Structures are given as structure tokens and as C-alpha cells.
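S.K.: My structure file model-v8.txt, compact mmCIF, C-alpha atoms and all ligand atoms, is below:
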# COMPACT_ATOMS: atom_id res chain seq x y z
CA MET M 1 -9.30 31.01 -1.49
CA GLU M 2 -9.92 28.27 -4.09
CA LEU M 3 -8.59 24.75 -3.75
CA PHE M 4 -5.72 23.89 -6.07
CA ASP M 5 -7.75 21.83 -8.49
CA VAL M 6 -5.73 18.66 -9.08
CA TYR M 7 -8.23 15.87 -8.41
CA SER M 8 -11.06 14.49 -10.56
CA LEU M 9 -13.87 14.08 -8.05
CA PHE M 10 -17.02 12.00 -7.86
CA ASP M 11 -20.01 14.11 -6.85
CA ILE M 12 -20.35 12.23 -3.55
CA THR M 13 -19.77 13.62 -0.06
CA PRO M 14 -19.13 10.91 2.52
CA VAL M 15 -20.07 11.98 6.04
CA LYS M 16 -19.90 8.72 7.99
CA GLY M 17 -18.01 5.46 7.82
CA GLN M 18 -18.48 2.17 9.64
CA ASP M 19 -16.58 -1.02 8.89
CA CYS M 20 -16.99 -1.72 5.13
CA TYR M 21 -19.62 0.99 4.56
CA VAL M 22 -19.69 4.75 4.09
CA TRP M 23 -22.74 7.06 4.06
CA ASP M 24 -23.05 10.25 2.03
CA ASP M 25 -24.70 13.51 3.07
CA LYS M 26 -27.98 12.36 1.46
CA GLY M 27 -28.11 9.23 3.61
CA ASN M 28 -27.07 6.79 0.84
CA LYS M 29 -25.10 3.79 2.13
CA TYR M 30 -22.17 2.56 0.01
CA LEU M 31 -20.21 -0.68 0.17
CA ASP M 32 -16.55 0.37 0.16
CA LEU M 33 -14.41 -1.94 -1.96
CA TYR M 34 -11.85 0.81 -2.53
CA GLY M 35 -10.95 1.34 1.14
CA GLY M 36 -10.16 5.01 0.53
CA HIS M 37 -7.34 3.86 -1.79
CA ALA M 38 -6.10 0.82 0.17
CA VAL M 39 -5.93 2.85 3.38
CA ILE M 40 -8.83 1.46 5.41
CA SER M 41 -7.34 -1.77 6.71
CA ILE M 42 -9.39 -2.57 9.85
CA GLY M 43 -12.67 -0.96 8.71
CA HIS M 44 -13.95 2.62 8.99
CA SER M 45 -14.13 4.01 12.52
CA HIS M 46 -13.39 0.70 14.22
CA PRO M 47 -14.48 1.14 17.89
CA HIS M 48 -11.05 0.15 19.27
CA TYR M 49 -9.33 2.57 16.89
CA VAL M 50 -11.69 5.43 17.79
CA ASP M 51 -11.24 4.69 21.48
CA ARG M 52 -7.43 4.51 21.33
CA LEU M 53 -7.12 7.75 19.34
CA SER M 54 -9.61 9.72 21.42
CA THR M 55 -8.14 8.49 24.71
CA GLN M 56 -4.67 9.47 23.48
CA LEU M 57 -5.80 12.91 22.34
CA LYS M 58 -7.17 13.61 25.82
CA GLN M 59 -3.71 12.78 27.26
CA ILE M 60 -1.27 14.39 24.81
CA GLY M 61 -1.42 14.69 21.02
CA PHE M 62 2.00 15.91 20.02
CA TYR M 63 5.51 16.62 21.13
CA SER M 64 8.65 16.47 19.00
CA ASN M 65 11.24 13.78 18.38
CA SER M 66 13.52 15.41 20.97
CA VAL M 67 11.95 13.61 23.95
CA GLN M 68 11.24 10.01 24.97
CA ASN M 69 8.12 8.52 23.41
CA PRO M 70 7.75 4.88 24.51
CA MET M 71 4.77 4.44 22.16
CA GLN M 72 7.21 4.38 19.22
CA GLN M 73 9.01 1.37 20.70
CA GLU M 74 5.68 -0.28 21.51
CA LEU M 75 4.66 0.16 17.86
CA ALA M 76 8.01 -1.18 16.61
CA ASP M 77 7.69 -4.24 18.89
CA LYS M 78 4.15 -4.98 17.80
CA LEU M 79 5.02 -4.50 14.11
CA GLY M 80 8.05 -6.78 14.49
CA GLU M 81 5.90 -9.41 16.18
CA LEU M 82 3.08 -9.40 13.61
CA SER M 83 5.26 -9.11 10.51
CA GLY M 84 7.96 -11.52 11.68
CA MET M 85 10.61 -8.84 10.94
CA ASP M 86 11.45 -8.34 14.61
CA ASN M 87 15.20 -7.99 14.02
CA TYR M 88 14.64 -4.92 11.77
CA GLN M 89 14.74 -1.27 12.92
CA LEU M 90 11.82 1.13 12.41
CA PHE M 91 11.92 4.76 11.25
CA LEU M 92 8.54 6.48 11.51
CA CYS M 93 7.37 9.16 9.08
CA ASN M 94 4.12 10.49 7.65
CA SER M 95 3.34 9.10 4.19
CA GLY M 96 4.28 6.57 1.57
CA ALA M 97 6.33 8.94 -0.54
CA GLU M 98 8.25 10.09 2.53
CA ALA M 99 8.94 6.47 3.51
CA ASN M 100 10.31 5.76 0.03
CA GLU M 101 12.32 8.99 -0.01
CA ASN M 102 14.02 7.92 3.23
CA ALA M 103 14.55 4.39 1.92
CA LEU M 104 16.33 5.79 -1.16
CA LYS M 105 18.45 7.99 1.09
CA LEU M 106 19.43 5.00 3.24
CA ALA M 107 20.45 3.03 0.14
CA SER M 108 22.56 5.96 -0.99
CA PHE M 109 24.11 6.60 2.44
CA TYR M 110 24.96 2.92 2.86
CA THR M 111 26.51 2.36 -0.57
CA GLY M 112 27.89 5.85 -1.24
CA ARG M 113 26.23 5.55 -4.67
CA LYS M 114 23.57 7.67 -6.38
CA LYS M 115 21.71 5.56 -8.90
CA ILE M 116 18.37 3.81 -8.29
CA VAL M 117 16.84 1.08 -10.42
CA ALA M 118 13.05 0.68 -10.52
CA PHE M 119 10.54 -1.15 -12.71
CA GLU M 120 8.27 -0.43 -15.64
CA ASN M 121 4.74 0.45 -14.65
CA GLY M 122 5.80 1.15 -11.06
CA PHE M 123 4.57 3.91 -8.73
CA HIS M 124 6.49 5.07 -5.67
CA GLY M 125 5.03 8.49 -4.78
CA ARG M 126 5.28 12.12 -5.75
CA THR M 127 8.21 13.54 -3.80
CA SER M 128 11.51 14.30 -5.48
CA GLY M 129 13.26 10.93 -5.59
CA ALA M 130 10.12 8.80 -5.35
CA VAL M 131 8.58 10.40 -8.44
CA ALA M 132 11.87 10.24 -10.36
CA ILE M 133 11.77 6.44 -10.08
CA THR M 134 8.05 6.25 -10.92
CA ASP M 135 7.35 5.13 -14.47
CA ASN M 136 5.05 8.02 -15.42
CA PRO M 137 6.68 10.96 -17.24
CA LYS M 138 3.49 13.06 -16.86
CA ILE M 139 4.07 13.55 -13.13
CA ILE M 140 7.83 14.14 -13.28
CA ALA M 141 8.75 17.85 -13.28
CA PRO M 142 12.08 18.93 -14.82
CA PHE M 143 13.36 19.46 -11.26
CA ASN M 144 12.78 15.76 -10.46
CA ALA M 145 14.24 14.48 -13.70
CA ASP M 146 17.88 15.02 -12.70
CA HIS M 147 18.01 12.02 -10.38
CA GLU M 148 20.02 9.06 -11.63
CA ALA M 149 17.25 6.58 -12.20
CA GLY M 150 16.94 3.57 -14.45
CA ILE M 151 13.67 1.83 -15.24
CA VAL M 152 13.91 -1.83 -16.26
CA ALA M 153 11.31 -4.31 -17.53
CA TRP M 154 9.13 -6.18 -15.01
CA ASN M 155 10.36 -9.69 -14.09
CA ASP M 156 13.38 -9.24 -16.42
CA ILE M 157 16.31 -10.51 -14.37
CA GLU M 158 18.83 -10.12 -17.21
CA ALA M 159 17.99 -6.43 -17.51
CA VAL M 160 18.47 -6.09 -13.74
CA GLU M 161 21.87 -7.79 -13.85
CA LYS M 162 22.96 -5.58 -16.75
CA ALA M 163 21.99 -2.49 -14.73
CA LEU M 164 23.62 -3.67 -11.48
CA SER M 165 26.82 -5.11 -12.91
CA LYS M 166 28.48 -1.70 -13.19
CA LYS M 167 28.41 -1.62 -9.40
CA ASP M 168 27.15 1.96 -9.34
CA VAL M 169 23.55 1.28 -8.24
CA ALA M 170 22.65 2.27 -4.69
CA GLY M 171 19.26 0.57 -4.58
CA VAL M 172 16.68 -1.41 -6.47
CA ILE M 173 13.08 -0.62 -5.52
CA ILE M 174 10.14 -2.86 -6.33
CA GLU M 175 6.51 -2.99 -5.20
CA GLY M 176 5.57 -6.18 -3.34
CA ILE M 177 2.60 -6.21 -5.73
CA GLN M 178 2.31 -3.43 -8.31
CA GLY M 179 -0.75 -1.45 -7.25
CA ILE M 180 -1.47 1.56 -9.43
CA GLY M 181 0.12 -0.32 -12.34
CA GLY M 182 -2.77 -2.82 -12.23
CA ILE M 183 -2.01 -5.51 -9.60
CA HIS M 184 0.96 -7.40 -11.00
CA ILE M 185 2.70 -9.89 -8.71
CA PRO M 186 6.44 -10.30 -9.26
CA ASP M 187 7.41 -13.95 -9.83
CA ALA M 188 8.74 -15.47 -6.60
CA ALA M 189 11.79 -16.81 -8.47
CA PHE M 190 12.44 -13.31 -9.83
CA LEU M 191 12.43 -11.83 -6.31
CA VAL M 192 14.79 -14.52 -5.04
CA GLU M 193 17.18 -13.81 -7.93
CA LEU M 194 16.79 -10.05 -7.41
CA GLN M 195 17.89 -10.41 -3.81
CA ARG M 196 20.87 -12.55 -4.85
CA LEU M 197 21.96 -9.99 -7.45
CA CYS M 198 21.59 -7.09 -5.01
CA ASN M 199 23.82 -8.95 -2.55
CA LYS M 200 26.32 -9.79 -5.30
CA TYR M 201 26.69 -6.20 -6.53
CA GLY M 202 26.46 -4.46 -3.15
CA THR M 203 23.06 -2.88 -3.93
CA ILE M 204 20.29 -2.31 -1.38
CA LEU M 205 17.00 -4.09 -2.10
CA ILE M 206 13.98 -1.94 -1.20
CA LEU M 207 10.52 -3.50 -1.08
CA ASP M 208 7.78 -0.90 -1.45
CA GLU M 209 4.95 -2.52 0.55
CA ILE M 210 3.02 0.73 0.87
CA GLN M 211 -0.02 -0.68 -0.91
CA SER M 212 0.62 -4.44 -0.76
CA GLY M 213 1.76 -4.62 2.88
CA TYR M 214 -0.03 -4.70 6.21
CA GLY M 215 -1.84 -7.96 5.53
CA ARG M 216 -3.70 -7.04 2.36
CA SER M 217 -2.11 -9.85 0.33
CA GLY M 218 -2.90 -12.52 2.91
CA GLU M 219 0.67 -12.39 4.27
CA PHE M 220 1.87 -9.43 6.36
CA PHE M 221 4.12 -8.46 3.44
CA ALA M 222 3.53 -9.61 -0.14
CA PHE M 223 7.25 -10.40 -0.58
CA GLN M 224 6.89 -13.05 2.16
CA TYR M 225 5.30 -15.33 -0.46
CA ALA M 226 8.79 -15.42 -2.03
CA ASN M 227 10.54 -15.91 1.31
CA ILE M 228 13.14 -13.15 0.81
CA GLN M 229 14.65 -10.73 3.34
CA PRO M 230 14.87 -7.25 1.76
CA ASP M 231 17.32 -4.67 3.14
CA VAL M 232 14.64 -2.01 3.45
CA ILE M 233 10.81 -2.22 3.48
CA THR M 234 8.47 0.75 3.22
CA VAL M 235 4.94 0.93 4.63
CA ALA M 236 2.12 3.49 4.88
CA LYS M 237 -1.54 3.30 3.70
CA GLY M 238 -3.10 0.52 5.87
CA MET M 239 -0.68 1.26 8.73
CA GLY M 240 -2.86 4.00 10.25
CA ASN M 241 -6.33 3.13 8.86
CA GLY M 242 -6.58 6.74 7.68
CA PHE M 243 -4.31 8.50 10.14
CA PRO M 244 -1.26 9.73 8.14
CA ILE M 245 1.67 7.51 9.09
CA GLY M 246 4.48 5.82 7.19
CA GLY M 247 7.43 3.69 8.15
CA VAL M 248 10.75 2.36 6.95
CA LEU M 249 11.84 -1.07 8.20
CA VAL M 250 15.61 -1.26 8.07
CA SER M 251 17.66 -4.46 8.18
CA PRO M 252 20.27 -4.78 10.94
CA LYS M 253 23.09 -4.46 8.39
CA ILE M 254 22.32 -0.73 8.02
CA LYS M 255 23.40 1.12 11.14
CA ALA M 256 21.68 4.31 12.30
CA GLU M 257 23.64 7.50 12.95
CA LYS M 258 22.31 10.51 14.84
CA GLY M 259 20.75 13.00 12.46
CA MET M 260 20.85 10.65 9.46
CA LEU M 261 17.07 10.86 8.97
CA GLY M 262 14.48 13.04 10.65
CA THR M 263 10.94 14.43 10.62
CA THR M 264 8.84 16.79 12.74
CA PHE M 265 5.57 14.89 12.78
CA GLY M 266 6.70 11.29 12.27
CA GLY M 267 6.03 8.96 15.21
CA ASN M 268 3.84 11.42 17.13
CA TYR M 269 1.53 10.11 19.86
CA LEU M 270 -1.62 10.11 17.75
CA ALA M 271 0.11 8.37 14.85
CA CYS M 272 1.47 5.73 17.24
CA ALA M 273 -1.97 5.26 18.82
CA ALA M 274 -3.46 4.76 15.33
CA GLY M 275 -0.66 2.37 14.33
CA LEU M 276 -1.00 0.36 17.53
CA ALA M 277 -4.79 0.16 17.25
CA VAL M 278 -4.45 -1.16 13.69
CA LEU M 279 -2.02 -3.91 14.71
CA GLU M 280 -4.08 -4.84 17.78
CA VAL M 281 -7.26 -5.22 15.72
CA MET M 282 -5.40 -7.08 12.95
CA LYS M 283 -4.17 -9.57 15.53
CA ASP M 284 -7.39 -9.89 17.57
CA GLU M 285 -9.65 -10.28 14.56
CA LYS M 286 -7.16 -12.38 12.54
CA LEU M 287 -7.54 -10.02 9.60
CA ILE M 288 -4.56 -11.29 7.59
CA LYS M 289 -6.09 -14.75 7.53
CA ASN M 290 -9.44 -13.21 6.67
CA ALA M 291 -7.90 -11.25 3.76
CA LYS M 292 -6.57 -14.49 2.31
CA LYS M 293 -9.84 -16.39 2.83
CA GLN M 294 -12.18 -13.70 1.50
CA GLY M 295 -9.79 -13.00 -1.38
CA GLU M 296 -10.02 -16.63 -2.43
CA TYR M 297 -13.82 -16.63 -2.16
CA LEU M 298 -14.08 -13.44 -4.22
CA SER M 299 -11.55 -14.52 -6.88
CA ASP M 300 -13.32 -17.84 -7.20
CA LYS M 301 -16.73 -16.21 -7.71
CA LEU M 302 -15.27 -13.83 -10.30
CA ALA M 303 -13.45 -16.59 -12.15
CA LYS M 304 -16.65 -18.67 -12.35
CA ALA M 305 -18.70 -15.70 -13.62
CA HIS M 306 -16.44 -15.19 -16.69
CA TRP M 307 -17.24 -11.47 -16.84
CA PHE M 308 -13.59 -10.47 -17.03
CA LYS M 309 -10.68 -11.22 -19.34
CA GLU M 310 -8.47 -11.75 -16.30
CA VAL M 311 -8.75 -11.66 -12.51
CA ARG M 312 -5.34 -10.98 -10.95
CA GLY M 313 -3.99 -10.59 -7.46
CA VAL M 314 -4.04 -12.26 -4.09
CA GLY M 315 -5.85 -11.63 -0.82
CA LEU M 316 -7.84 -8.40 -0.91
CA MET M 317 -5.73 -6.75 -3.61
CA LEU M 318 -7.44 -7.73 -6.86
CA ALA M 319 -7.59 -6.49 -10.43
CA LEU M 320 -10.54 -7.28 -12.70
CA GLU M 321 -9.43 -6.66 -16.26
CA SER M 322 -12.21 -6.20 -18.79
CA ALA M 323 -12.15 -6.40 -22.57
CA GLN M 324 -14.26 -3.20 -22.57
CA LYS M 325 -13.63 0.17 -20.97
CA ILE M 326 -14.28 -0.20 -17.26
CA ALA M 327 -15.59 3.31 -16.52
CA PRO M 328 -19.30 2.61 -17.37
CA THR M 329 -19.40 -0.49 -15.11
CA ARG M 330 -17.76 1.39 -12.24
CA LYS M 331 -20.16 4.31 -12.66
CA GLU M 332 -23.17 1.97 -12.68
CA LEU M 333 -21.84 0.19 -9.59
CA LEU M 334 -21.36 3.45 -7.75
CA LEU M 335 -24.45 5.42 -8.71
CA LYS M 336 -27.04 2.64 -9.00
CA ASN M 337 -25.71 -0.08 -6.70
CA TYR M 338 -23.85 2.15 -4.23
CA ILE M 339 -20.55 0.28 -4.42
CA PHE M 340 -17.17 2.04 -4.42
CA THR M 341 -14.40 0.42 -6.48
CA GLY M 342 -10.92 1.52 -7.55
CA VAL M 343 -9.40 1.63 -11.02
CA SER M 344 -6.16 1.14 -12.87
CA GLY M 345 -5.87 2.50 -16.39
CA THR M 346 -8.76 2.16 -18.85
CA TYR M 347 -9.80 -1.48 -18.59
CA THR M 348 -9.08 -2.59 -15.04
CA MET M 349 -11.16 -2.35 -11.88
CA ARG M 350 -9.09 -2.49 -8.71
CA LEU M 351 -10.45 -3.83 -5.40
CA LEU M 352 -8.77 -2.79 -2.15
CA PRO M 353 -11.48 -3.24 0.51
CA PRO M 354 -11.07 -3.19 4.28
CA MET M 355 -9.68 -6.50 5.53
CA THR M 356 -12.82 -7.00 7.62
CA LEU M 357 -14.70 -7.87 4.41
CA ASN M 358 -16.99 -10.91 4.74
CA LYS M 359 -18.92 -13.23 2.45
CA SER M 360 -22.14 -11.22 2.58
CA HIS M 361 -20.25 -8.09 1.38
CA ILE M 362 -18.80 -10.16 -1.44
CA ASP M 363 -22.19 -11.62 -2.43
CA HIS M 364 -23.61 -8.08 -2.40
CA PHE M 365 -20.78 -6.98 -4.74
CA ILE M 366 -21.25 -9.93 -7.08
CA SER M 367 -24.99 -9.21 -7.51
CA GLY M 368 -24.26 -5.48 -7.97
CA LEU M 369 -21.65 -6.35 -10.56
CA GLU M 370 -24.02 -8.67 -12.39
CA ALA M 371 -26.65 -5.90 -12.57
CA SER M 372 -24.06 -3.31 -13.69
CA ILE M 373 -22.63 -5.54 -16.39
CA ASP M 374 -26.13 -6.45 -17.69
CA SER M 375 -27.17 -2.83 -18.02
CA GLY M 376 -23.75 -1.66 -19.28
C1 LIG U 401 3.20 1.41 -4.02
C2 LIG U 401 3.07 2.83 -3.57
N1 LIG U 401 4.17 3.50 -3.17
C3 LIG U 401 4.10 4.76 -2.74
C4 LIG U 401 2.90 5.45 -2.70
C5 LIG U 401 2.86 6.88 -2.22
O1 LIG U 401 2.21 6.96 -1.00
P1 LIG U 401 1.64 8.38 -0.48
O2 LIG U 401 0.52 8.75 -1.39
O3 LIG U 401 1.22 8.09 0.93
O4 LIG U 401 2.77 9.35 -0.54
C6 LIG U 401 1.74 4.80 -3.13
C7 LIG U 401 0.44 5.51 -3.13
O5 LIG U 401 -0.49 5.18 -3.80
C8 LIG U 401 1.83 3.46 -3.57
O6 LIG U 401 0.74 2.80 -3.99
Can you turn what I pasted into C-alpha cells?

M.R.:
Amino acid sequence: MELFDVYSLFDITPVKGQDCYVWDDKGNKYLDLYGGHAVISIGHSHPHYVDRLSTQLKQIGFYSNSVQNPMQQELADKLGELSGMDNYQLFLCNSGAEANENALKLASFYTGRKKIVAFENGFHGRTSGAVAITDNPKIIAPFNADHEAGIVAWNDIEAVEKALSKKDVAGVIIEGIQGIGGIHIPDAAFLVELQRLCNKYGTILILDEIQSGYGRSGEFFAFQYANIQPDVITVAKGMGNGFPIGGVLVSPKIKAEKGMLGTTFGGNYLACAAGLAVLEVMKDEKLIKNAKKQGEYLSDKLAKAHWFKEVRGVGLMLALESAQKIAPTRKELLLKNYIFTGVSGTYTMRLLPPMTLNKSHIDHFISGLEASIDSG
């Protein structure tokens, strides 16, 4: 059987990962500033993570959501403690798209409305509702296009009020920091106003923190820079450091009913072990603080080098926008300097490294970048 050929692949086969490095099958060692697409939060194969998952697997790997699993509550408690959202409720699922799909459902259940408002340039996943509110017609199949979705301009509060004022919008969804769209931070004043308008018109405010959450921005959630309290928050990516897990944090105003949401795999023992290990390491190694500190050091170096038209972002979620096409520099970095980076569109390099990144990794990147730019 052939694989369904949907991905453009680099001709590299990673076989080992450790902290901020991966090794390919030829023994080449790469600095990973892409973090497997913002997933590797505490570093590849962190010893505590490996230990927690393997110990758990020897005990029990899976049962269903029809029995008691105290690890789910342990994970909820730890997440509440680290994020400061301890009065919220947690629904566990398996991916970012699934988290958003459930968030949209909750908004619709709560309000009895159907319509969702999202933002230009946004990405929320590939499942039915999540893709319908993603601003990319190429990935929306006719089947998905029947959802009632409105896309409004980024940071445009008047457009939001116009859309909400008919009082038929179930939810507004916004990324804490736009990721795939190229690392755009919503204005804090815009988020504050957005929350006020959602309250005024009885609409649920959903913060998609799937890429920007879990400490990457230097706060647990990127929206915490604006000091708002969304009704629903979605998480995935860094939550499991590579183990598939997603979550929906639900404000106390939305009450759970039996059978309202559900999943077979969500919240299984291995997922909980991965989620707990991530939070334990984040706390022990003060990784949120480190993300902020290293992000500042890196942004500062990049700003001083003047290689890019703009350096955007905060913490370890950065966009380096070039005046030239970025593909040759990224290729040079990868194949000659053995450094993985991410991308957004044609001109922008995206950095989403593990939050264990340190100054020597950054200095290594800066010299690799200098060499790549010189020969590009
Ligand atoms: C902001 C955001 N939301 C949702 C998703 C979808 O997550 P998943 O690929 O786990 O379904 C992504 C994935 O890149 C994302 O960046």
C-alpha cells in the first residue's frame, strides 16, 4: 500500500532526538528550531518524560472513559496551578483540531446559536468546523463550506461589533498569537474590547492557544499579556511534547452535561502521563521564564544584525520576515548548517524551538544564519 501523498517532505530521516537536537540516519546532528512544529516543548526525549511514559506503559496504557482515571484530575490540577486558570474545567481530547471542534460545539450548545466569527489569516485545524473557520479556501472542501462562518479583519474591533450586533453569533475564535499566519500578536486593547463585546452580545470567546500556549510566549497563555479571561481556551501541540493530546479549558459559566462531549482516546493513561511529565518539567526547569529570557536574547541579536525586514513575536515564537524569498536561506541552514527552522508563506522564517533553548544554541543559530545569508 502507498502512503496518501499529501506532505512535501525534506529528504531527511530523523532517528534520534535529545533536548534541542535531532540526529538523522546518517549520523548528522541538527539543531531543532522548529520543535516538530511547535510540539516539542520540554526538549526531545526528556529523561523525566521518557521515564514517566515507560513506567506508565508497564502499568496500564489504556482503558476507556467509562471508568475512574485519577490521572485526568491530577493533570487538570497541575494545569490549573501552572496556568493560573484553576477555576476552569478541563475536557481532554487528542489533537488541536479536535479541541477546537469541541470548543465550537460548546459555544453553540451554550448560546443555542450556529454562527462562528474568526479572523483573517487564521488557522484552526482541518476537521469540519475548524477548517470552515480557517482563512484558507484551498483546504475547505464543499462539505465543510456549509458552516455559518464569518471571517473579519485582524484587530478590527468595528468589524467584530458589526458581526456580533445581530446577536446570532455563538462564538468568536482567535489565536493567542497567529502561528501559521506568520506570528501576529493581537493588540492587548483589541483583546480586552473583544471580550467586552462578546459579553455584551452573549457570544462565547474562544482563545485558540494550540500553538501559542503552554509557555511558548513567555506566559502560560499568550492572551495573559492582555489580562483577559476567555470563556473557552484550546490547547494541544506542546501539551504532550509529541504524544497526541489536546484539551479544552472551559470557564465555570459553562456547565457540563453527561454525554455533551466525548472521545474514545482522550485522557488515556499514556496521554495523561505525557501531559503530567510536560508540566512537571516546565515547573522544575522554569521553562516559561526561560522562553521569555531566551526569546529576548534571540530577538535582540536578530534586531541588531539587520538581516530581516521585521522580527516579530514574543518568547520562543518568532517570525523573521525577509525582503527576499526565504526558501534558499532555510535550505542552506538545513543542509549546510544542520539547523531546522519553520516557515510561514514565502518570505517568513518561523522559529518554534523547544523551551529548553539556551544561549549557546542561539549563538550557534546566529552564526549559521550569518553563513547562510552570506552564501544565499
Ligand atoms: C493555532 C492552531 N490551531 C489549531 C491547529 C490544529 O492542530 P492539530 O494539527 O493538532 O489538529 C494548529 C496546528 O498547527 C494551530 O497552529

S.K.: Got a sec: who's within 12 Å of M:Gly80, counting only C-alpha atoms, leaving out chain neighbours fewer than 3 positions off, as a PyMOL selection string?

M.R.: chain M and resi 73-77+83-90+214+220-221+249-251+276+279

S.K.: Those selected residues, please, written with C-alpha atoms and delivered as an mmCIF file, in the coordinates of the input.

M.R.:
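Wrote it out as result_28.cif, contents follow:
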data_model
loop_
_atom_site.group_PDB
_atom_site.id
_atom_site.type_symbol
_atom_site.label_atom_id
_atom_site.label_comp_id
_atom_site.auth_asym_id
_atom_site.auth_seq_id
_atom_site.Cartn_x
_atom_site.Cartn_y
_atom_site.Cartn_z
ATOM 1 C CA GLN M 73 9.010 1.370 20.700
ATOM 2 C CA GLU M 74 5.680 -0.280 21.510
ATOM 3 C CA LEU M 75 4.660 0.160 17.860
ATOM 4 C CA ALA M 76 8.010 -1.180 16.610
ATOM 5 C CA ASP M 77 7.690 -4.240 18.890
ATOM 6 C CA SER M 83 5.260 -9.110 10.510
ATOM 7 C CA GLY M 84 7.960 -11.520 11.680
ATOM 8 C CA MET M 85 10.610 -8.840 10.940
ATOM 9 C CA ASP M 86 11.450 -8.340 14.610
ATOM 10 C CA ASN M 87 15.200 -7.990 14.020
ATOM 11 C CA TYR M 88 14.640 -4.920 11.770
ATOM 12 C CA GLN M 89 14.740 -1.270 12.920
ATOM 13 C CA LEU M 90 11.820 1.130 12.410
ATOM 14 C CA TYR M 214 -0.030 -4.700 6.210
ATOM 15 C CA PHE M 220 1.870 -9.430 6.360
ATOM 16 C CA PHE M 221 4.120 -8.460 3.440
ATOM 17 C CA LEU M 249 11.840 -1.070 8.200
ATOM 18 C CA VAL M 250 15.610 -1.260 8.070
ATOM 19 C CA SER M 251 17.660 -4.460 8.180
ATOM 20 C CA LEU M 276 -1.000 0.360 17.530
ATOM 21 C CA LEU M 279 -2.020 -3.910 14.710
#

S.K.: Here is a test: counting all atoms listed in the file, which residue of M:Lys301, M:Arg216, M:Lys331, M:Lys289 is nearest to M:Gly313?

M.R.: M:Arg216

S.K.: I'd like the interatomic distance between atom CA of M:Leu261 and atom CA of M:Gly247, to a tenth of an Å.

M.R.: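 That distance, rounded to one decimal, is 12.0 Å.
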
S.K.: I want to know what sits within 8 Å of M:Leu164, based on all atoms listed in the file, with residues of the same chain fewer than 4 positions away left out; could you give that as a PDB file with C-alpha atoms, keeping the file's coordinate frame?

M.R.:
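out.pdb written:
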ATOM      1  CA  VAL M 160      18.470  -6.090 -13.740  1.00  0.00           C
ATOM      2  CA  ASP M 168      27.150   1.960  -9.340  1.00  0.00           C
ATOM      3  CA  VAL M 169      23.550   1.280  -8.240  1.00  0.00           C
ATOM      4  CA  LEU M 197      21.960  -9.990  -7.450  1.00  0.00           C
ATOM      5  CA  CYS M 198      21.590  -7.090  -5.010  1.00  0.00           C
ATOM      6  CA  TYR M 201      26.690  -6.200  -6.530  1.00  0.00           C
ATOM      7  CA  THR M 203      23.060  -2.880  -3.930  1.00  0.00           C
TER       8      THR M 203
END

S.K.: What's the 12 Å shell around M:Glu98, counting only C-alpha atoms, without same-chain residues fewer than 2 positions away, as a count of residues only?

M.R.: 36

S.K.: Neighbours of M:Lys115 within 8 Å (only C-alpha atoms; same-chain residues fewer than 4 positions away dropped), as an MDAnalysis selection string?

M.R.: chainID M and resid 108 147:150 168:171

S.K.: Using C-alpha atoms, can you write the selected residues to a file as an mmCIF file, keeping the file's coordinate frame?

M.R.:
data_model
loop_
_atom_site.group_PDB
_atom_site.id
_atom_site.type_symbol
_atom_site.label_atom_id
_atom_site.label_comp_id
_atom_site.auth_asym_id
_atom_site.auth_seq_id
_atom_site.Cartn_x
_atom_site.Cartn_y
_atom_site.Cartn_z
ATOM 1 C CA SER M 108 22.560 5.960 -0.990
ATOM 2 C CA HIS M 147 18.010 12.020 -10.380
ATOM 3 C CA GLU M 148 20.020 9.060 -11.630
ATOM 4 C CA ALA M 149 17.250 6.580 -12.200
ATOM 5 C CA GLY M 150 16.940 3.570 -14.450
ATOM 6 C CA ASP M 168 27.150 1.960 -9.340
ATOM 7 C CA VAL M 169 23.550 1.280 -8.240
ATOM 8 C CA ALA M 170 22.650 2.270 -4.690
ATOM 9 C CA GLY M 171 19.260 0.570 -4.580
#

S.K.: Counting only C-alpha atoms, which of M:Ile42, M:Ala327, M:Leu333, M:Ala271 gets nearest to M:Glu285?

M.R.: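 When distances to M:Glu285 are compared using only C-alpha atoms, the smallest one comes from M:Ile42.
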
S.K.: Have a look at M:Ala303, M:Ala226, M:Val281, M:Leu352 and name the one nearest to ligand LIG 401 (chain U); count all atoms listed in the file.

M.R.: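 Selected residue with least distance to ligand LIG 401 (chain U): M:Leu352.
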
S.K.: Taking (23.8, -2.2, -2.9) in the coordinates of the supplied file, I want to know which residues reach to within 12 Å of it, counting all atoms listed in the file; could you give the answer as number ranges by chain?

M.R.: M: 104, 106-117, 163-173, 194-206, 230-232, 253-254

S.K.: To one decimal place, how far is atom CA of M:Asp135 from atom CA of M:Gly315 in Å?

M.R.: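 Rounded to one decimal, the two atoms are 25.3 Å apart.
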
S.K.: Find the residues near M:Gly342: any atom within 8 Å, counting all atoms listed in the file, skip ones fewer than 3 places away on the same chain, and give them as a PyMOL selection string.

M.R.: chain M and resi 33-34+37+349-352

S.K.: Pick out the closest residue to ligand LIG 401 (chain U) from this set: M:Gly182, M:Pro353, M:Pro47, M:Gly259. Count all atoms listed in the file.

M.R.: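 The answer is M:Gly182, which sits nearest to ligand LIG 401 (chain U).
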
S.K.: Using all atoms listed in the file, find the one residue out of M:Ile174, M:Leu57, M:Ile139, M:Ala291 that sits nearest to M:Cys272.

M.R.: M:Leu57

S.K.: Of the candidates M:Gly238, M:Gly181, M:Pro186, M:Gly213, which shows the shortest atom-to-atom distance to M:Asn155, using only C-alpha atoms?

M.R.: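 Comparing M:Gly238, M:Gly181, M:Pro186, M:Gly213 against M:Asn155, the winner is M:Pro186.
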
S.K.: Could you put an axis-aligned box around every listed atom of stretch 333-349 of chain M, padded by 5 Å on each side, and send me its centre and edge lengths in Å to one decimal, as AutoDock Vina command-line options?

M.R.:
--center_x -16.5 --center_y 1.4 --center_z -11.5 --size_x 31.2 --size_y 18.0 --size_z 24.6

S.K.: Can you tell me how far atom O2 of ligand LIG 401 (chain U) sits from atom CA of M:Ile180, in Å to one decimal?

M.R.: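 Atom O2 of ligand LIG 401 (chain U) sits 11.0 Å away from atom CA of M:Ile180.
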
S.K.: Around the point (6.8, -12.1, -12.3) in the file's coordinates, collect all residues with an atom within 12 Å, using all atoms listed in the file, and return them as an MDAnalysis selection string.

M.R.: chainID M and resid 119 153:157 174:178 183:194 223 226 313
